[in-house]
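**Q** This is final-v1.json, which holds JSON, C-alpha atoms:
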[["chain", "number", "residue", "atom", "x", "y", "z"],
["A", 1, "MET", "CA", -13.56, -3.25, -15.55],
["A", 2, "GLU", "CA", -11.33, -0.83, -13.65],
["A", 3, "ILE", "CA", -13.33, 0.71, -10.80],
["A", 4, "SER", "CA", -10.76, 2.94, -9.10],
["A", 5, "PRO", "CA", -9.39, 5.72, -11.34],
["A", 6, "ASP", "CA", -5.92, 5.05, -9.88],
["A", 7, "HIS", "CA", -5.76, 1.84, -11.90],
["A", 8, "ILE", "CA", -6.50, 3.49, -15.26],
["A", 9, "ILE", "CA", -3.11, 4.51, -16.68],
["A", 10, "TYR", "CA", -3.05, 6.82, -19.71],
["A", 11, "PHE", "CA", 0.69, 7.44, -19.86],
["A", 12, "SER", "CA", 3.71, 5.99, -18.11],
["A", 13, "PHE", "CA", 7.34, 7.03, -18.18],
["A", 14, "GLY", "CA", 9.65, 5.61, -15.54],
["A", 15, "PHE", "CA", 8.24, 6.37, -12.11],
["A", 16, "PHE", "CA", 5.75, 8.87, -13.53],
["A", 17, "LYS", "CA", 2.26, 7.60, -14.27],
["A", 18, "LEU", "CA", -0.57, 9.70, -15.60],
["A", 19, "ASN", "CA", -3.69, 8.00, -14.35],
["A", 20, "ALA", "CA", -7.39, 8.85, -14.50],
["A", 21, "THR", "CA", -7.31, 10.34, -11.00],
["A", 22, "ILE", "CA", -4.88, 13.06, -12.07],
["A", 23, "VAL", "CA", -6.61, 13.69, -15.40],
["A", 24, "TYR", "CA", -10.12, 14.02, -13.99],
["A", 25, "THR", "CA", -8.94, 16.01, -10.97],
["A", 26, "TRP", "CA", -7.46, 18.61, -13.29],
["A", 27, "LEU", "CA", -10.56, 18.48, -15.47],
["A", 28, "VAL", "CA", -12.78, 19.29, -12.49],
["A", 29, "MET", "CA", -10.42, 22.11, -11.43],
["A", 30, "VAL", "CA", -10.49, 23.62, -14.94],
["A", 31, "LEU", "CA", -14.28, 23.39, -15.07],
["A", 32, "LEU", "CA", -14.66, 25.03, -11.66],
["A", 33, "ALA", "CA", -12.16, 27.77, -12.48],
["A", 34, "GLY", "CA", -13.91, 28.51, -15.77],
["A", 35, "PHE", "CA", -17.34, 28.48, -14.16],
["A", 36, "SER", "CA", -16.14, 30.76, -11.34],
["A", 37, "TRP", "CA", -14.78, 33.27, -13.84],
["A", 38, "PHE", "CA", -17.99, 33.12, -15.86],
["A", 39, "VAL", "CA", -20.25, 33.64, -12.83],
["A", 40, "THR", "CA", -18.21, 36.35, -11.06],
["A", 41, "ARG", "CA", -17.10, 38.49, -13.99],
["A", 42, "LYS", "CA", -20.19, 40.72, -13.76],
["A", 43, "VAL", "CA", -20.91, 40.65, -10.05],
["A", 44, "THR", "CA", -22.61, 43.83, -8.88],
["A", 45, "SER", "CA", -23.83, 45.31, -5.60],
["A", 46, "SER", "CA", -26.90, 46.87, -7.17],
["A", 47, "ALA", "CA", -30.46, 45.69, -6.57],
["A", 48, "GLN", "CA", -30.70, 44.32, -10.09],
["A", 49, "ILE", "CA", -28.65, 41.13, -10.27],
["A", 50, "THR", "CA", -28.38, 38.43, -12.89],
["A", 51, "ALA", "CA", -29.57, 34.87, -12.47],
["A", 52, "LYS", "CA", -25.93, 33.75, -12.29],
["A", 53, "GLN", "CA", -25.19, 36.08, -9.39],
["A", 54, "ASN", "CA", -28.39, 35.03, -7.66],
["A", 55, "LEU", "CA", -27.33, 31.39, -7.91],
["A", 56, "LEU", "CA", -23.89, 32.30, -6.57],
["A", 57, "GLU", "CA", -25.34, 34.21, -3.63],
["A", 58, "VAL", "CA", -27.68, 31.32, -2.77],
["A", 59, "LEU", "CA", -24.75, 28.88, -2.84],
["A", 60, "VAL", "CA", -22.47, 31.08, -0.73],
["A", 61, "GLY", "CA", -25.26, 31.95, 1.67],
["A", 62, "GLY", "CA", -26.16, 28.29, 2.12],
["A", 63, "LEU", "CA", -22.54, 27.36, 2.76],
["A", 64, "LEU", "CA", -22.13, 30.13, 5.31],
["A", 65, "SER", "CA", -25.29, 29.05, 7.10],
["A", 66, "GLN", "CA", -24.24, 25.39, 7.28],
["A", 67, "ILE", "CA", -20.71, 26.25, 8.42],
["A", 68, "LYS", "CA", -22.06, 28.52, 11.14],
["A", 69, "ASP", "CA", -24.44, 25.81, 12.36],
["A", 70, "ALA", "CA", -21.65, 23.23, 12.45],
["A", 71, "THR", "CA", -18.96, 25.39, 14.06],
["A", 72, "ASN", "CA", -20.90, 27.97, 16.09],
["A", 73, "GLN", "CA", -18.25, 30.41, 14.85],
["A", 74, "GLN", "CA", -18.16, 33.26, 12.37],
["A", 75, "PRO", "CA", -18.20, 31.23, 9.13],
["A", 76, "GLU", "CA", -16.44, 33.64, 6.77],
["A", 77, "LYS", "CA", -12.94, 32.59, 7.87],
["A", 78, "PHE", "CA", -13.70, 28.93, 7.10],
["A", 79, "LEU", "CA", -15.50, 29.50, 3.81],
["A", 80, "PRO", "CA", -12.48, 29.43, 1.44],
["A", 81, "LEU", "CA", -11.36, 26.01, 2.70],
["A", 82, "LEU", "CA", -14.66, 24.28, 3.44],
["A", 83, "GLY", "CA", -16.46, 25.82, 0.48],
["A", 84, "THR", "CA", -13.76, 24.65, -1.90],
["A", 85, "LEU", "CA", -13.82, 21.12, -0.49],
["A", 86, "PHE", "CA", -17.61, 20.93, -0.73],
["A", 87, "ILE", "CA", -17.86, 22.25, -4.28],
["A", 88, "PHE", "CA", -15.03, 20.07, -5.59],
["A", 89, "ILE", "CA", -16.41, 16.88, -4.01],
["A", 90, "LEU", "CA", -19.96, 17.74, -5.09],
["A", 91, "VAL", "CA", -19.06, 18.43, -8.71],
["A", 92, "SER", "CA", -16.81, 15.36, -8.90],
["A", 93, "ASN", "CA", -19.61, 13.14, -7.62],
["A", 94, "LEU", "CA", -22.26, 14.67, -9.88],
["A", 95, "LEU", "CA", -20.08, 14.32, -12.97],
["A", 96, "SER", "CA", -19.96, 10.57, -12.35],
["A", 97, "ALA", "CA", -23.28, 10.51, -14.26],
["A", 98, "VAL", "CA", -21.39, 11.50, -17.41],
["A", 99, "PRO", "CA", -20.43, 8.36, -19.39],
["A", 100, "GLY", "CA", -16.70, 7.71, -19.21],
["A", 101, "PHE", "CA", -16.06, 10.12, -16.34],
["A", 102, "LYS", "CA", -14.21, 8.62, -13.39],
["A", 103, "PRO", "CA", -14.78, 10.70, -10.23],
["A", 104, "PRO", "CA", -11.47, 11.45, -8.49],
["A", 105, "THR", "CA", -13.31, 11.02, -5.19],
["A", 106, "GLY", "CA", -13.35, 7.30, -6.03],
["A", 107, "SER", "CA", -9.59, 7.27, -5.42],
["A", 108, "LEU", "CA", -8.22, 6.72, -1.94],
["A", 109, "SER", "CA", -5.31, 9.03, -2.73],
["A", 110, "THR", "CA", -7.72, 11.91, -3.40],
["A", 111, "THR", "CA", -9.81, 11.39, -0.27],
["A", 112, "THR", "CA", -6.63, 10.98, 1.78],
["A", 113, "ALA", "CA", -5.32, 14.28, 0.42],
["A", 114, "PHE", "CA", -8.58, 16.01, 1.41],
["A", 115, "SER", "CA", -8.42, 14.48, 4.88],
["A", 116, "LEU", "CA", -4.81, 15.60, 5.31],
["A", 117, "ILE", "CA", -5.86, 19.13, 4.40],
["A", 118, "VAL", "CA", -8.43, 18.98, 7.19],
["A", 119, "PHE", "CA", -5.86, 17.39, 9.51],
["A", 120, "PHE", "CA", -3.48, 20.34, 9.10],
["A", 121, "ALA", "CA", -6.30, 22.88, 9.07],
["A", 122, "VAL", "CA", -7.27, 21.97, 12.64],
["A", 123, "PRO", "CA", -3.96, 23.11, 14.22],
["A", 124, "TYR", "CA", -3.70, 25.99, 11.77],
["A", 125, "TYR", "CA", -6.97, 27.54, 12.91],
["A", 126, "GLY", "CA", -6.35, 26.51, 16.52],
["A", 127, "ILE", "CA", -2.93, 28.18, 16.66],
["A", 128, "LYS", "CA", -4.16, 31.21, 14.74],
["A", 129, "GLU", "CA", -7.05, 31.66, 17.17],
["A", 130, "ASN", "CA", -5.40, 30.86, 20.51],
["A", 131, "GLY", "CA", -1.63, 30.81, 20.02],
["A", 132, "LEU", "CA", 0.84, 27.96, 19.80],
["A", 133, "LEU", "CA", 1.30, 27.40, 23.54],
["A", 134, "ASN", "CA", -2.41, 27.16, 24.32],
["A", 135, "TYR", "CA", -2.90, 24.80, 21.41],
["A", 136, "LEU", "CA", -0.14, 22.43, 22.51],
["A", 137, "LYS", "CA", -1.31, 22.46, 26.12],
["A", 138, "SER", "CA", -4.55, 20.74, 25.20],
["A", 139, "TYR", "CA", -2.69, 17.59, 24.15],
["A", 140, "VAL", "CA", -1.58, 17.03, 27.74],
["A", 141, "GLN", "CA", -4.95, 17.76, 29.32],
["A", 142, "PRO", "CA", -6.38, 16.69, 31.68],
["A", 143, "THR", "CA", -3.09, 14.83, 32.38],
["A", 144, "PRO", "CA", 0.16, 14.34, 30.43],
["A", 145, "PHE", "CA", -0.74, 10.65, 30.10],
["A", 146, "MET", "CA", -3.42, 11.67, 27.59],
["A", 147, "LEU", "CA", -0.82, 12.86, 25.06],
["A", 148, "PRO", "CA", -0.57, 9.60, 23.03],
["A", 149, "PHE", "CA", -4.34, 9.12, 23.10],
["A", 150, "ASN", "CA", -4.99, 12.65, 21.87],
["A", 151, "ILE", "CA", -2.50, 12.19, 19.04],
["A", 152, "ILE", "CA", -4.02, 8.83, 18.09],
["A", 153, "GLY", "CA", -7.46, 10.44, 18.10],
["A", 154, "GLU", "CA", -6.32, 13.14, 15.68],
["A", 155, "VAL", "CA", -4.79, 10.59, 13.29],
["A", 156, "SER", "CA", -7.64, 8.07, 13.48],
["A", 157, "ARG", "CA", -10.36, 10.57, 12.68],
["A", 158, "THR", "CA", -8.35, 11.77, 9.68],
["A", 159, "PHE", "CA", -8.08, 8.18, 8.45],
["A", 160, "ALA", "CA", -11.80, 7.62, 9.05],
["A", 161, "LEU", "CA", -12.68, 10.78, 7.10],
["A", 162, "ALA", "CA", -10.70, 9.59, 4.09],
["A", 163, "VAL", "CA", -12.00, 6.02, 4.12],
["A", 164, "ARG", "CA", -15.64, 7.08, 4.62],
["A", 165, "LEU", "CA", -15.75, 9.20, 1.47],
["A", 166, "PHE", "CA", -13.70, 6.74, -0.58],
["A", 167, "GLY", "CA", -15.75, 3.74, 0.54],
["A", 168, "ASN", "CA", -19.11, 5.30, -0.24],
["A", 169, "ILE", "CA", -18.11, 6.48, -3.71],
["A", 170, "LEU", "CA", -16.38, 3.19, -4.53],
["A", 171, "SER", "CA", -19.32, 1.09, -3.33],
["A", 172, "GLY", "CA", -21.71, 3.07, -5.49],
["A", 173, "THR", "CA", -19.51, 2.55, -8.54],
["A", 174, "MET", "CA", -19.23, -1.17, -7.87],
["A", 175, "MET", "CA", -22.98, -1.58, -7.38],
["A", 176, "GLY", "CA", -23.68, 0.23, -10.64],
["A", 177, "ALA", "CA", -21.17, -1.94, -12.51],
["A", 178, "ILE", "CA", -22.59, -5.20, -11.10],
["A", 179, "LEU", "CA", -26.22, -4.29, -11.79],
["A", 180, "LEU", "CA", -25.30, -3.15, -15.30],
["A", 181, "VAL", "CA", -24.20, -6.73, -16.01],
["A", 182, "ILE", "CA", -27.05, -8.48, -14.21],
["A", 183, "MET", "CA", -29.98, -6.22, -15.17],
["A", 184, "PRO", "CA", -28.86, -3.86, -17.93],
["A", 185, "LEU", "CA", -32.16, -2.02, -18.58],
["A", 186, "PHE", "CA", -33.88, -0.15, -15.75],
["A", 187, "VAL", "CA", -32.08, -0.92, -12.51],
["A", 188, "PRO", "CA", -28.81, 0.86, -13.47],
["A", 189, "VAL", "CA", -30.78, 4.05, -14.14],
["A", 190, "ILE", "CA", -32.33, 3.91, -10.68],
["A", 191, "MET", "CA", -28.95, 3.14, -9.14],
["A", 192, "GLN", "CA", -27.40, 6.03, -11.04],
["A", 193, "MET", "CA", -29.97, 8.42, -9.59],
["A", 194, "LEU", "CA", -29.39, 6.98, -6.13],
["A", 195, "GLY", "CA", -25.65, 7.29, -6.66],
["A", 196, "LEU", "CA", -26.01, 10.99, -7.48],
["A", 197, "LEU", "CA", -28.03, 11.51, -4.30],
["A", 198, "ILE", "CA", -25.38, 9.67, -2.28],
["A", 199, "GLY", "CA", -22.69, 11.81, -3.91],
["A", 200, "VAL", "CA", -24.43, 15.01, -2.81],
["A", 201, "VAL", "CA", -24.93, 13.66, 0.71],
["A", 202, "GLN", "CA", -21.29, 12.56, 0.97],
["A", 203, "ALA", "CA", -20.04, 16.00, -0.10],
["A", 204, "TYR", "CA", -22.23, 17.53, 2.60],
["A", 205, "ILE", "CA", -21.17, 15.03, 5.28],
["A", 206, "PHE", "CA", -17.46, 15.44, 4.54],
["A", 207, "THR", "CA", -17.70, 19.23, 4.72],
["A", 208, "VAL", "CA", -19.75, 19.22, 7.92],
["A", 209, "LEU", "CA", -17.38, 16.76, 9.60],
["A", 210, "ALA", "CA", -14.41, 18.90, 8.57],
["A", 211, "ALA", "CA", -16.14, 21.94, 10.04],
["A", 212, "VAL", "CA", -16.91, 20.07, 13.27],
["A", 213, "PHE", "CA", -13.28, 18.91, 13.61],
["A", 214, "ILE", "CA", -11.98, 22.45, 13.12],
["A", 215, "ALA", "CA", -14.52, 23.87, 15.56],
["A", 216, "ALA", "CA", -13.69, 21.20, 18.11],
["A", 217, "GLY", "CA", -10.03, 22.20, 17.86],
["A", 218, "LEU", "CA", -10.90, 25.81, 18.52],
["A", 219, "GLU", "CA", -13.04, 24.95, 21.54],
["A", 220, "VAL", "CA", -10.61, 22.46, 23.08],
["A", 221, "HIS", "CA", -7.63, 24.70, 22.62],
["A", 222, "GLY", "CA", -9.38, 27.86, 23.74]]
Represent the supplied structure as structure tokens.

**A**
Amino acid sequence: MEISPDHIIYFSFGFFKLNATIVYTWLVMVLLAGFSWFVTRKVTSSAQITAKQNLLEVLVGGLLSQIKDATNQQPEKFLPLLGTLFIFILVSNLLSAVPGFKPPTGSLSTTTAFSLIVFFAVPYYGIKENGLLNYLKSYVQPTPFMLPFNIIGEVSRTFALAVRLFGNILSGTMMGAILLVIMPLFVPVIMQMLGLLIGVVQAYIFTVLAAVFIAAGLEVHG
């Protein structure tokens, strides 16, 4: 049994390989794009709103509240990035309950890509908020000898963010596969429900940590 979607190859031509990670990543993106169009096509500012718009407002409002709590900043400027990361990770993890679906979050390449996005988002927001010079000054504070340690800290937390999400999703998949062989009746169902709960929690944790890292960059470089 192939556990990581990177190892499931659907098509190969020379150096190009179409694996399950790419296929299911695009599938999730298409589903989210279609759902977004379906939900937002009749958005109104009137008092009478549809159930779809109500669901959308609850989701956006909840995200804004959590981002504000994590960053202590105005959350609207972070919503496009952090909201997209949360929804993509959440949907990918929830769809793992569908037979045959391989969540792209179970691939280290996917989680690394997400972590790199956060890694570059920290200086982006820091420079945008405080300017390039003030941002760079923080790497040599309180003394210039702290420069290598500050750089190592930035890189290590990015690595930890990627491995944390990948490890939790992969471990859940492995546990489900092992229990399916050992006790194929009831235990896998319980583990599947637990896996869905873990998937929701991991999407939340990843997004909150990303928000904290960005906010820390703004505070340190301010």

**Q** Just the number, please: distance in Å from CA of Val118 (chain A) to CA of Ile87 (chain A), one decimal.

**A**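 According to the coordinates, CA of Val118 (chain A) and CA of Ile87 (chain A) are separated by 15.2 Å.
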
**Q** Have a look at CA of Tyr204 (chain A) and CA of Phe166 (chain A) and let me know their distance in Å, one decimal.

**A**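 Those two atoms sit 14.1 Å apart.
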
**Q** Can you tell me, as a VMD selection string, what residues are no more than 8 Å from region 69-82 of chain A when counting all atoms listed in the file, ignoring any on the same chain fewer than 3 positions away?

**A** chain A and resid 63 to 66 85 to 86 207 to 208 210 to 212 214 to 216

**Q** Let me make sure I understand: among A:Thr105, A:Ser138, A:Ser92, A:Gln48, which one has the smallest atom-to-atom distance to Gly167 (chain A) if we use only C-alpha atoms?

**A**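 Ranked by minimum distance to Gly167 (chain A), first place goes to A:Thr105.
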
**Q** Need the shell around Leu147 (chain A): protein/DNA/RNA residues with any atom at most 10 Å away, counting all atoms listed in the file. Skip same-chain ones fewer than 5 positions apart. Format as a list in words?

**A**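 Once the nearby chain positions are removed, what remains is Leu136, Lys137, Ser138, Tyr139, Val140, Gln141, Pro142, Ile152 and Gly153 of chain A.
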
**Q** Using only C-alpha atoms, which of A:Ala51, A:Met193, A:Leu108, A:Val39 sits nearest Leu165 (chain A)?

**A**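 Looking only at the distances to Leu165 (chain A), the closest residue turns out to be A:Leu108.
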
**Q** Between CA of Ser36 (chain A) and CA of Asn19 (chain A), measure the distance and give it in Å to one decimal.

**A**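 Result for CA of Ser36 (chain A) versus CA of Asn19 (chain A): 26.1 Å, one decimal.
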
**Q** From the list A:Gly195, A:Gly217, A:Gly14, A:Gly61, which residue is nearest Tyr135 (chain A) when using all atoms listed in the file?

**A**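 Answer, going by the shortest atom-to-atom distance: A:Gly217.
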
**Q** Considering all atoms listed in the file, state which residue in the set A:Val155, A:Phe206, A:Phe213, A:Gly199 is at the smallest distance from Leu94 (chain A).

**A**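 Of all the options, A:Gly199 lies closest to Leu94 (chain A).
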
**Q** Can you work out which one of A:Ile89, A:Ile9, A:Leu55, A:Val200 has the shortest atom-to-atom distance to Met29 (chain A), counting all atoms listed in the file?

**A**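 Residue with the minimum atom-to-atom distance to Met29 (chain A): A:Ile89.
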
**Q** Could you name the residues that touch Thr25 (chain A) at 12 Å or less, counting only C-alpha atoms, but leaving out those on the same chain fewer than 2 positions away, as an NGL selection string?

**A** :A and (5-6 or 18-23 or 27-32 or 88-89 or 91-93 or 95 or 101-107 or 109-111)

**Q** Using the file's own x, y and z axes, what box holds all listed atoms of region 118-135 of chain A with 6 Å on each side, keeping edges along x, y and z, and what are its centre and edge lengths in Å to one decimal, as JSON?

**A**
{"center_x": -3.6, "center_y": 24.5, "center_z": 15.8, "size_x": 21.7, "size_y": 26.3, "size_z": 29.1}
